[in-house]
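Content type compact mmCIF, N, CA and C atoms, from the file my_file-v7.txt:
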# COMPACT_ATOMS: atom_id res chain seq x y z
N MET A 1 -0.08 -5.18 1.28
CA MET A 1 0.91 -4.64 2.18
C MET A 1 0.21 -3.81 3.26
N GLU A 2 0.83 -3.74 4.38
CA GLU A 2 0.27 -2.94 5.45
C GLU A 2 1.05 -1.66 5.60
N GLU A 3 0.36 -0.64 6.04
CA GLU A 3 1.06 0.60 6.36
C GLU A 3 1.80 0.40 7.67
N ASP A 4 2.96 1.00 7.80
CA ASP A 4 3.78 0.91 9.00
C ASP A 4 3.36 2.03 9.94
N HIS A 5 2.88 1.67 11.13
CA HIS A 5 2.39 2.67 12.07
C HIS A 5 3.35 2.85 13.23
N ASP A 6 3.47 4.06 13.71
CA ASP A 6 4.28 4.35 14.89
C ASP A 6 3.47 4.07 16.14
N ASP A 7 4.19 3.83 17.24
CA ASP A 7 3.53 3.65 18.53
C ASP A 7 3.45 4.95 19.30
N GLY A 8 3.86 6.07 18.61
CA GLY A 8 3.81 7.36 19.28
C GLY A 8 5.10 7.73 19.95
N LYS A 9 6.09 6.85 19.94
CA LYS A 9 7.39 7.12 20.56
C LYS A 9 8.47 6.87 19.53
N ASP A 10 9.62 7.48 19.70
CA ASP A 10 10.71 7.29 18.76
C ASP A 10 11.80 6.37 19.30
N GLY A 11 11.51 5.63 20.34
CA GLY A 11 12.51 4.75 20.94
C GLY A 11 13.24 5.42 22.09
N LYS A 12 13.13 6.74 22.20
CA LYS A 12 13.78 7.48 23.28
C LYS A 12 12.75 8.17 24.15
N GLY A 13 11.46 7.80 23.94
CA GLY A 13 10.40 8.38 24.74
C GLY A 13 9.91 9.71 24.21
N GLU A 14 10.42 10.14 23.05
CA GLU A 14 10.01 11.42 22.49
C GLU A 14 9.00 11.19 21.38
N ALA A 15 8.15 12.16 21.14
CA ALA A 15 7.17 12.06 20.05
C ALA A 15 7.90 12.17 18.72
N PRO A 16 7.50 11.34 17.74
CA PRO A 16 8.16 11.39 16.44
C PRO A 16 7.76 12.63 15.65
N GLU A 17 8.53 12.91 14.59
CA GLU A 17 8.18 14.04 13.73
C GLU A 17 6.89 13.72 13.00
N ARG A 18 6.19 14.74 12.55
CA ARG A 18 4.96 14.56 11.78
C ARG A 18 5.32 14.25 10.34
N ARG A 19 4.71 13.22 9.77
CA ARG A 19 4.96 12.86 8.39
C ARG A 19 3.76 13.25 7.55
N SER A 20 4.02 13.72 6.35
CA SER A 20 2.93 14.13 5.48
C SER A 20 2.45 12.98 4.60
N ALA A 21 3.22 11.88 4.53
CA ALA A 21 2.85 10.76 3.68
C ALA A 21 2.95 9.46 4.48
N PRO A 22 1.99 8.54 4.28
CA PRO A 22 2.04 7.27 5.00
C PRO A 22 3.20 6.42 4.52
N ARG A 23 3.76 5.63 5.44
CA ARG A 23 4.83 4.71 5.10
C ARG A 23 4.23 3.35 4.76
N ILE A 24 4.74 2.73 3.72
CA ILE A 24 4.27 1.42 3.30
C ILE A 24 5.39 0.41 3.56
N THR A 25 5.06 -0.67 4.26
CA THR A 25 6.05 -1.71 4.51
C THR A 25 6.48 -2.29 3.17
N ALA A 26 7.78 -2.32 2.92
CA ALA A 26 8.29 -2.84 1.66
C ALA A 26 9.70 -3.38 1.90
N ARG A 27 9.88 -4.65 1.65
CA ARG A 27 11.20 -5.27 1.78
C ARG A 27 11.78 -5.40 0.38
N SER A 28 12.54 -4.41 -0.03
CA SER A 28 13.15 -4.38 -1.35
C SER A 28 14.64 -4.18 -1.21
N LEU A 29 15.37 -4.74 -2.14
CA LEU A 29 16.81 -4.55 -2.17
C LEU A 29 17.12 -3.26 -2.91
N VAL A 30 17.89 -2.39 -2.29
CA VAL A 30 18.30 -1.12 -2.92
C VAL A 30 19.82 -1.02 -2.83
N GLU A 31 20.38 -0.17 -3.68
CA GLU A 31 21.81 0.11 -3.63
C GLU A 31 22.00 1.44 -2.91
N VAL A 32 22.96 1.48 -2.00
CA VAL A 32 23.16 2.66 -1.16
C VAL A 32 24.63 3.05 -1.17
N ARG A 33 24.85 4.36 -1.13
CA ARG A 33 26.21 4.86 -1.01
C ARG A 33 26.23 5.99 0.01
N LEU A 34 27.15 5.86 0.96
CA LEU A 34 27.44 6.92 1.92
C LEU A 34 28.79 7.52 1.54
N PRO A 35 29.06 8.77 1.90
CA PRO A 35 30.34 9.39 1.55
C PRO A 35 31.56 8.62 2.07
N THR A 36 31.41 7.89 3.17
CA THR A 36 32.55 7.17 3.74
C THR A 36 32.76 5.79 3.10
N TRP A 37 31.85 5.36 2.23
CA TRP A 37 31.97 4.06 1.58
C TRP A 37 32.62 4.23 0.22
N GLU A 38 33.47 3.29 -0.15
CA GLU A 38 34.15 3.35 -1.43
C GLU A 38 33.26 2.87 -2.58
N ALA A 39 32.24 2.08 -2.29
CA ALA A 39 31.38 1.53 -3.34
C ALA A 39 29.94 1.45 -2.86
N LEU A 40 29.04 1.23 -3.81
CA LEU A 40 27.64 1.01 -3.47
C LEU A 40 27.51 -0.30 -2.71
N ARG A 41 26.56 -0.36 -1.79
CA ARG A 41 26.26 -1.60 -1.07
C ARG A 41 24.78 -1.88 -1.23
N SER A 42 24.44 -3.16 -1.29
CA SER A 42 23.04 -3.56 -1.36
C SER A 42 22.51 -3.75 0.05
N VAL A 43 21.39 -3.09 0.34
CA VAL A 43 20.73 -3.21 1.65
C VAL A 43 19.23 -3.33 1.42
N TYR A 44 18.49 -3.70 2.46
CA TYR A 44 17.05 -3.85 2.35
C TYR A 44 16.30 -2.65 2.92
N THR A 45 15.18 -2.34 2.26
CA THR A 45 14.28 -1.32 2.80
C THR A 45 13.41 -1.98 3.87
N VAL A 46 12.95 -1.17 4.83
CA VAL A 46 11.98 -1.60 5.82
C VAL A 46 10.62 -1.05 5.42
N ASN A 47 10.62 0.22 5.02
CA ASN A 47 9.40 0.84 4.53
C ASN A 47 9.78 2.00 3.62
N ILE A 48 8.79 2.51 2.91
CA ILE A 48 9.01 3.61 1.98
C ILE A 48 7.79 4.50 1.97
N SER A 49 8.02 5.78 1.75
CA SER A 49 6.93 6.74 1.59
C SER A 49 7.34 7.71 0.49
N GLN A 50 6.46 8.63 0.17
CA GLN A 50 6.76 9.63 -0.85
C GLN A 50 7.96 10.49 -0.44
N GLY A 51 8.18 10.65 0.85
CA GLY A 51 9.23 11.55 1.32
C GLY A 51 10.50 10.91 1.82
N GLY A 52 10.52 9.55 1.91
CA GLY A 52 11.74 8.92 2.41
C GLY A 52 11.57 7.43 2.58
N MET A 53 12.56 6.81 3.20
CA MET A 53 12.48 5.38 3.46
C MET A 53 13.31 5.02 4.68
N ARG A 54 12.99 3.87 5.23
CA ARG A 54 13.77 3.32 6.34
C ARG A 54 14.55 2.15 5.78
N LEU A 55 15.84 2.09 6.11
CA LEU A 55 16.73 1.07 5.59
C LEU A 55 17.35 0.26 6.72
N SER A 56 17.58 -1.02 6.48
CA SER A 56 18.38 -1.85 7.37
C SER A 56 19.81 -1.74 6.86
N LEU A 57 20.51 -0.75 7.35
CA LEU A 57 21.81 -0.39 6.78
C LEU A 57 22.93 -1.33 7.20
N GLY A 58 22.87 -1.89 8.41
CA GLY A 58 23.94 -2.75 8.87
C GLY A 58 25.09 -1.96 9.48
N ALA A 59 24.97 -0.66 9.51
CA ALA A 59 26.01 0.21 10.10
C ALA A 59 25.34 1.52 10.49
N ARG A 60 25.88 2.16 11.49
CA ARG A 60 25.34 3.45 11.91
C ARG A 60 25.86 4.55 11.00
N ALA A 61 25.06 5.54 10.78
CA ALA A 61 25.46 6.72 10.01
C ALA A 61 24.92 7.93 10.77
N PRO A 62 25.72 8.94 10.98
CA PRO A 62 25.26 10.11 11.75
C PRO A 62 24.09 10.82 11.09
N ILE A 63 23.21 11.38 11.92
CA ILE A 63 22.10 12.18 11.41
C ILE A 63 22.68 13.34 10.60
N GLY A 64 22.06 13.60 9.45
CA GLY A 64 22.50 14.67 8.57
C GLY A 64 23.45 14.22 7.47
N THR A 65 23.89 12.95 7.53
CA THR A 65 24.80 12.42 6.51
C THR A 65 24.10 12.34 5.16
N ASP A 66 24.78 12.81 4.11
CA ASP A 66 24.25 12.67 2.75
C ASP A 66 24.26 11.20 2.38
N ILE A 67 23.24 10.77 1.63
CA ILE A 67 23.13 9.37 1.22
C ILE A 67 22.53 9.33 -0.17
N ASP A 68 23.03 8.42 -0.98
CA ASP A 68 22.47 8.18 -2.31
C ASP A 68 21.89 6.78 -2.35
N ILE A 69 20.65 6.68 -2.85
CA ILE A 69 19.96 5.40 -2.93
C ILE A 69 19.55 5.19 -4.38
N ILE A 70 19.74 3.97 -4.86
CA ILE A 70 19.26 3.59 -6.18
C ILE A 70 18.20 2.51 -5.96
N LEU A 71 16.96 2.83 -6.34
CA LEU A 71 15.85 1.88 -6.25
C LEU A 71 15.54 1.40 -7.65
N THR A 72 15.60 0.10 -7.87
CA THR A 72 15.25 -0.47 -9.17
C THR A 72 13.80 -0.95 -9.11
N LEU A 73 12.96 -0.34 -9.92
CA LEU A 73 11.54 -0.71 -9.96
C LEU A 73 11.37 -2.02 -10.72
N PRO A 74 10.23 -2.71 -10.57
CA PRO A 74 10.02 -3.98 -11.25
C PRO A 74 10.14 -3.90 -12.78
N ASP A 75 9.91 -2.73 -13.35
CA ASP A 75 10.03 -2.60 -14.81
C ASP A 75 11.47 -2.32 -15.26
N GLY A 76 12.40 -2.33 -14.30
CA GLY A 76 13.80 -2.11 -14.63
C GLY A 76 14.25 -0.67 -14.51
N THR A 77 13.32 0.26 -14.30
CA THR A 77 13.66 1.67 -14.14
C THR A 77 14.45 1.84 -12.85
N ARG A 78 15.58 2.52 -12.95
CA ARG A 78 16.41 2.79 -11.77
C ARG A 78 16.21 4.24 -11.36
N LEU A 79 15.77 4.43 -10.11
CA LEU A 79 15.53 5.77 -9.60
C LEU A 79 16.66 6.17 -8.66
N HIS A 80 17.23 7.35 -8.89
CA HIS A 80 18.24 7.90 -7.98
C HIS A 80 17.49 8.71 -6.93
N LEU A 81 17.66 8.35 -5.67
CA LEU A 81 16.96 8.99 -4.56
C LEU A 81 17.98 9.58 -3.58
N PRO A 82 18.46 10.78 -3.85
CA PRO A 82 19.39 11.41 -2.90
C PRO A 82 18.65 11.85 -1.65
N GLY A 83 19.34 11.82 -0.53
CA GLY A 83 18.71 12.26 0.71
C GLY A 83 19.71 12.47 1.81
N LYS A 84 19.17 12.58 3.01
CA LYS A 84 19.99 12.73 4.22
C LYS A 84 19.44 11.79 5.29
N VAL A 85 20.34 11.30 6.14
CA VAL A 85 19.92 10.49 7.28
C VAL A 85 19.15 11.41 8.22
N ALA A 86 17.87 11.08 8.47
CA ALA A 86 17.01 11.94 9.28
C ALA A 86 16.84 11.42 10.70
N HIS A 87 16.93 10.10 10.89
CA HIS A 87 16.83 9.54 12.25
C HIS A 87 17.44 8.15 12.28
N LEU A 88 17.72 7.68 13.48
CA LEU A 88 18.33 6.38 13.69
C LEU A 88 17.35 5.47 14.41
N GLY A 89 17.45 4.17 14.13
CA GLY A 89 16.61 3.19 14.81
C GLY A 89 17.08 3.01 16.24
N PRO A 90 16.42 2.13 17.00
CA PRO A 90 16.83 1.86 18.37
C PRO A 90 18.28 1.37 18.41
N ASP A 91 18.91 1.43 19.59
CA ASP A 91 20.32 1.07 19.76
C ASP A 91 20.67 -0.31 19.23
N ASP A 92 19.76 -1.28 19.36
CA ASP A 92 20.07 -2.64 18.93
C ASP A 92 19.79 -2.87 17.44
N SER A 93 19.45 -1.81 16.73
CA SER A 93 19.15 -1.91 15.30
C SER A 93 20.08 -0.98 14.53
N ASP A 94 20.41 -1.38 13.33
CA ASP A 94 21.19 -0.51 12.46
C ASP A 94 20.31 0.10 11.39
N ASP A 95 19.02 0.26 11.69
CA ASP A 95 18.10 0.92 10.77
C ASP A 95 18.33 2.42 10.80
N ILE A 96 18.14 3.03 9.64
CA ILE A 96 18.19 4.50 9.57
C ILE A 96 16.98 4.98 8.78
N GLY A 97 16.54 6.18 9.10
CA GLY A 97 15.48 6.83 8.35
C GLY A 97 16.11 7.86 7.43
N VAL A 98 15.73 7.83 6.16
CA VAL A 98 16.27 8.74 5.17
C VAL A 98 15.16 9.65 4.66
N ARG A 99 15.45 10.94 4.59
CA ARG A 99 14.53 11.90 4.01
C ARG A 99 15.05 12.24 2.61
N PHE A 100 14.22 12.01 1.57
CA PHE A 100 14.62 12.34 0.21
C PHE A 100 14.76 13.84 0.05
N GLU A 101 15.69 14.27 -0.81
CA GLU A 101 15.89 15.70 -1.06
C GLU A 101 15.97 15.99 -2.55
N ASP A 102 15.30 17.03 -2.97
CA ASP A 102 15.39 17.54 -4.34
C ASP A 102 15.14 16.49 -5.41
N LEU A 103 14.05 15.73 -5.26
CA LEU A 103 13.71 14.74 -6.28
C LEU A 103 13.04 15.41 -7.47
N PRO A 104 13.45 15.05 -8.69
CA PRO A 104 12.77 15.59 -9.87
C PRO A 104 11.31 15.13 -9.90
N GLU A 105 10.47 15.89 -10.58
CA GLU A 105 9.04 15.59 -10.67
C GLU A 105 8.80 14.18 -11.20
N ARG A 106 9.54 13.77 -12.24
CA ARG A 106 9.35 12.43 -12.81
C ARG A 106 9.64 11.34 -11.78
N THR A 107 10.68 11.52 -10.97
CA THR A 107 11.03 10.55 -9.93
C THR A 107 9.92 10.49 -8.88
N GLN A 108 9.39 11.64 -8.50
CA GLN A 108 8.29 11.68 -7.53
C GLN A 108 7.07 10.93 -8.07
N GLN A 109 6.78 11.09 -9.36
CA GLN A 109 5.65 10.39 -9.97
C GLN A 109 5.87 8.88 -10.00
N GLU A 110 7.09 8.46 -10.31
CA GLU A 110 7.42 7.02 -10.32
C GLU A 110 7.24 6.42 -8.93
N ILE A 111 7.70 7.13 -7.91
CA ILE A 111 7.54 6.64 -6.53
C ILE A 111 6.06 6.56 -6.18
N GLU A 112 5.30 7.57 -6.57
CA GLU A 112 3.86 7.58 -6.29
C GLU A 112 3.16 6.38 -6.92
N ARG A 113 3.50 6.06 -8.16
CA ARG A 113 2.90 4.89 -8.83
C ARG A 113 3.31 3.59 -8.11
N TYR A 114 4.58 3.50 -7.76
CA TYR A 114 5.09 2.32 -7.07
C TYR A 114 4.37 2.13 -5.73
N LEU A 115 4.22 3.20 -4.97
CA LEU A 115 3.54 3.14 -3.68
C LEU A 115 2.07 2.76 -3.83
N ALA A 116 1.41 3.27 -4.85
CA ALA A 116 0.00 2.96 -5.09
C ALA A 116 -0.18 1.46 -5.32
N GLU A 117 0.73 0.85 -6.07
CA GLU A 117 0.67 -0.60 -6.30
C GLU A 117 0.89 -1.37 -5.00
N LEU A 118 1.89 -0.96 -4.23
CA LEU A 118 2.15 -1.63 -2.96
C LEU A 118 0.98 -1.48 -2.00
N LYS A 119 0.43 -0.28 -1.91
CA LYS A 119 -0.67 -0.01 -0.98
C LYS A 119 -1.91 -0.82 -1.34
N ALA A 120 -2.13 -1.03 -2.65
CA ALA A 120 -3.28 -1.81 -3.10
C ALA A 120 -3.06 -3.31 -2.91
N GLY A 121 -1.87 -3.69 -2.45
CA GLY A 121 -1.59 -5.10 -2.22
C GLY A 121 -1.19 -5.84 -3.48
N ARG A 122 -0.90 -5.09 -4.55
CA ARG A 122 -0.48 -5.71 -5.80
C ARG A 122 1.03 -5.67 -5.92
N THR A 123 1.56 -6.68 -6.58
CA THR A 123 2.97 -6.64 -6.90
C THR A 123 3.11 -5.69 -8.08
N PRO A 124 3.95 -4.67 -7.95
CA PRO A 124 4.11 -3.75 -9.07
C PRO A 124 4.48 -4.50 -10.34
N THR A 125 3.86 -4.10 -11.46
CA THR A 125 4.06 -4.81 -12.71
C THR A 125 5.40 -4.49 -13.34
N SER A 126 5.84 -5.44 -14.13
CA SER A 126 7.11 -5.30 -14.84
C SER A 126 6.83 -5.17 -16.33
N LYS A 127 7.55 -4.28 -16.99
CA LYS A 127 7.42 -4.13 -18.43
C LYS A 127 8.36 -5.07 -19.17
N THR A 128 9.28 -5.70 -18.43
CA THR A 128 10.22 -6.62 -19.06
C THR A 128 9.66 -8.02 -19.02
N LYS A 129 9.97 -8.81 -20.05
CA LYS A 129 9.50 -10.19 -20.09
C LYS A 129 10.44 -11.04 -19.25
N SER A 130 9.85 -11.90 -18.47
CA SER A 130 10.66 -12.80 -17.66
C SER A 130 10.02 -14.19 -17.71
N ILE A 131 10.73 -15.15 -17.19
CA ILE A 131 10.23 -16.51 -17.17
C ILE A 131 9.27 -16.65 -16.00
N PRO A 132 8.04 -17.11 -16.26
CA PRO A 132 7.07 -17.27 -15.16
C PRO A 132 7.57 -18.26 -14.12
N PRO A 133 7.18 -18.08 -12.84
CA PRO A 133 7.59 -19.01 -11.80
C PRO A 133 7.12 -20.42 -12.14
N GLY A 134 7.97 -21.40 -11.86
CA GLY A 134 7.60 -22.79 -12.10
C GLY A 134 7.86 -23.26 -13.52
N MET A 135 8.25 -22.40 -14.43
CA MET A 135 8.49 -22.76 -15.81
C MET A 135 9.88 -23.39 -15.92
N LEU A 136 9.96 -24.52 -16.56
CA LEU A 136 11.25 -25.20 -16.74
C LEU A 136 11.97 -24.58 -17.94
N ILE A 137 13.26 -24.45 -17.79
CA ILE A 137 14.08 -23.95 -18.89
C ILE A 137 14.77 -25.15 -19.52
N LYS A 138 14.51 -25.38 -20.80
CA LYS A 138 15.08 -26.55 -21.49
C LYS A 138 16.28 -26.11 -22.29
N LYS A 139 17.32 -26.92 -22.22
CA LYS A 139 18.51 -26.67 -23.02
C LYS A 139 18.23 -27.07 -24.45
N LYS A 140 18.77 -26.30 -25.37
CA LYS A 140 18.67 -26.68 -26.77
C LYS A 140 19.71 -27.75 -27.04
N SER A 141 19.31 -28.79 -27.76
CA SER A 141 20.24 -29.89 -28.05
C SER A 141 21.09 -29.59 -29.25
Now that the file is in, can you turn its structure into structure tokens?
Amino acid sequence: MEEDHDDGKDGKGEAPERRSAPRITARSLVEVRLPTWEALRSVYTVNISQGGMRLSLGARAPIGTDIDIILTLPDGTRLHLPGKVAHLGPDDSDDIGVRFEDLPERTQQEIERYLAELKAGRTPTSKTKSIPPGMLIKKKS
């Protein structure tokens, strides 16, 4: 995976905020809930870092809006990642930047492990047994 780099502008000609952790490009399906939504919706991540993530939300959400994200790791662990909308993508995009808030230490460690696997170019391992790709499933007679 490649790290996602800024071009030095935020789409409005202004310098972006300083980030303390690098963003890793990651296209993962996550579950998201905004206060105005009646149910969780599945959306894709654009990138993720220790402090937040960028989502292709499909709808605009005002800066400062509370957001709940559920990230399911390859081992089946579901992480609750509460946060706030920190920035919006360009006008023609419905991407939003989310800053995580008040994550427990265990959740921070899980994200750190997940990011390390992505950064190393490895697919994060799964603790659950699954059918290998290309394996045929035979019906019992």
Give me every strand (DSSP E or B) residue in range 20-53 of chain A, going by DSSP on the backbone, as a list in words.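 So the strand (DSSP E or B) residues in range 20-53 of chain A would be Ile24, Thr25, Leu29, Val30, Glu31, Val32, Arg33, Arg41, Ser42, Val43, Tyr44, Thr45, Val46, Asn47, Ile48, Gly52 and Met53 of chain A.
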When distances are computed from only C-alpha atoms, which of A:Thr36, A:Thr72, A:Thr107, A:Ser42 shows the smallest separation from Leu55 in chain A?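 Nearest candidate to Leu55 in chain A out of A:Thr36, A:Thr72, A:Thr107, A:Ser42: A:Ser42.
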Contacts of range 29-31 of chain A at 6 Å (only C-alpha atoms; same-chain gap of 2+ positions) as a compact mmCIF listing (two decimals) with N, CA and C atoms, in the coordinates of the input:
# COMPACT_ATOMS: atom_id res chain seq x y z
N LEU A 40 29.04 1.23 -3.81
CA LEU A 40 27.64 1.01 -3.47
C LEU A 40 27.51 -0.30 -2.71
N ARG A 41 26.56 -0.36 -1.79
CA ARG A 41 26.26 -1.60 -1.07
C ARG A 41 24.78 -1.88 -1.23
N SER A 42 24.44 -3.16 -1.29
CA SER A 42 23.04 -3.56 -1.36
C SER A 42 22.51 -3.75 0.05
N VAL A 43 21.39 -3.09 0.34
CA VAL A 43 20.73 -3.21 1.65
C VAL A 43 19.23 -3.33 1.42
N TYR A 44 18.49 -3.70 2.46
CA TYR A 44 17.05 -3.85 2.35
C TYR A 44 16.30 -2.65 2.92
N ILE A 69 20.65 6.68 -2.85
CA ILE A 69 19.96 5.40 -2.93
C ILE A 69 19.55 5.19 -4.38
N ILE A 70 19.74 3.97 -4.86
CA ILE A 70 19.26 3.59 -6.18
C ILE A 70 18.20 2.51 -5.96
N LEU A 71 16.96 2.83 -6.34
CA LEU A 71 15.85 1.88 -6.25
C LEU A 71 15.54 1.40 -7.65
Close residues, range 109-113 of chain A itself excluded, 8 Å, all atoms listed in the file, min 6 positions apart in chain, as an MDAnalysis selection string: chainID A and resid 49:50 103 119 124
What's the separation between CA of Asp95 in chain A and CA of Asp68 in chain A, in Å to one decimal place?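 These two atoms are separated by 15.6 Å.
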Just to confirm, what's the straight-line distance from CA of Ser56 in chain A to CA of Gly89 in chain A in Å (one decimal)?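 Separation of CA of Ser56 in chain A and CA of Gly89 in chain A: 9.2 Å.
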One decimal place gives the CA of Gly52 in chain A-CA of Glu38 in chain A separation as 23.4 Å
Incomplete range 111-125 of chain A brought to N, CA, C and O atoms, written out as a JSON list (two decimals), keeping the file's coordinate frame:
[["chain", "number", "residue", "atom", "x", "y", "z"],
["A", 111, "ILE", "N", 7.70, 7.13, -7.91],
["A", 111, "ILE", "CA", 7.54, 6.64, -6.53],
["A", 111, "ILE", "C", 6.06, 6.56, -6.18],
["A", 111, "ILE", "O", 5.60, 5.59, -5.57],
["A", 112, "GLU", "N", 5.30, 7.57, -6.57],
["A", 112, "GLU", "CA", 3.86, 7.58, -6.29],
["A", 112, "GLU", "C", 3.16, 6.38, -6.92],
["A", 112, "GLU", "O", 2.35, 5.71, -6.27],
["A", 113, "ARG", "N", 3.50, 6.06, -8.16],
["A", 113, "ARG", "CA", 2.90, 4.89, -8.83],
["A", 113, "ARG", "C", 3.31, 3.59, -8.11],
["A", 113, "ARG", "O", 2.49, 2.71, -7.90],
["A", 114, "TYR", "N", 4.58, 3.50, -7.76],
["A", 114, "TYR", "CA", 5.09, 2.32, -7.07],
["A", 114, "TYR", "C", 4.37, 2.13, -5.73],
["A", 114, "TYR", "O", 3.92, 1.03, -5.40],
["A", 115, "LEU", "N", 4.22, 3.20, -4.97],
["A", 115, "LEU", "CA", 3.54, 3.14, -3.68],
["A", 115, "LEU", "C", 2.07, 2.76, -3.83],
["A", 115, "LEU", "O", 1.52, 2.02, -3.00],
["A", 116, "ALA", "N", 1.41, 3.27, -4.85],
["A", 116, "ALA", "CA", 0.00, 2.96, -5.09],
["A", 116, "ALA", "C", -0.18, 1.46, -5.32],
["A", 116, "ALA", "O", -1.13, 0.85, -4.80],
["A", 117, "GLU", "N", 0.73, 0.85, -6.07],
["A", 117, "GLU", "CA", 0.67, -0.60, -6.30],
["A", 117, "GLU", "C", 0.89, -1.37, -5.00],
["A", 117, "GLU", "O", 0.16, -2.32, -4.71],
["A", 118, "LEU", "N", 1.89, -0.96, -4.23],
["A", 118, "LEU", "CA", 2.15, -1.63, -2.96],
["A", 118, "LEU", "C", 0.98, -1.48, -2.00],
["A", 118, "LEU", "O", 0.57, -2.45, -1.34],
["A", 119, "LYS", "N", 0.43, -0.28, -1.91],
["A", 119, "LYS", "CA", -0.67, -0.01, -0.98],
["A", 119, "LYS", "C", -1.91, -0.82, -1.34],
["A", 119, "LYS", "O", -2.65, -1.26, -0.47],
["A", 120, "ALA", "N", -2.13, -1.03, -2.65],
["A", 120, "ALA", "CA", -3.28, -1.81, -3.10],
["A", 120, "ALA", "C", -3.06, -3.31, -2.91],
["A", 120, "ALA", "O", -3.96, -4.10, -3.20],
["A", 121, "GLY", "N", -1.87, -3.69, -2.45],
["A", 121, "GLY", "CA", -1.59, -5.10, -2.22],
["A", 121, "GLY", "C", -1.19, -5.84, -3.48],
["A", 121, "GLY", "O", -1.14, -7.07, -3.51],
["A", 122, "ARG", "N", -0.90, -5.09, -4.55],
["A", 122, "ARG", "CA", -0.48, -5.71, -5.80],
["A", 122, "ARG", "C", 1.03, -5.67, -5.92],
["A", 122, "ARG", "O", 1.67, -4.75, -5.44],
["A", 123, "THR", "N", 1.56, -6.68, -6.58],
["A", 123, "THR", "CA", 2.97, -6.64, -6.90],
["A", 123, "THR", "C", 3.11, -5.69, -8.08],
["A", 123, "THR", "O", 2.43, -5.85, -9.09],
["A", 124, "PRO", "N", 3.95, -4.67, -7.95],
["A", 124, "PRO", "CA", 4.11, -3.75, -9.07],
["A", 124, "PRO", "C", 4.48, -4.50, -10.34],
["A", 124, "PRO", "O", 5.26, -5.44, -10.32],
["A", 125, "THR", "N", 3.86, -4.10, -11.46],
["A", 125, "THR", "CA", 4.06, -4.81, -12.71],
["A", 125, "THR", "C", 5.40, -4.49, -13.34],
["A", 125, "THR", "O", 5.98, -3.44, -13.12]]
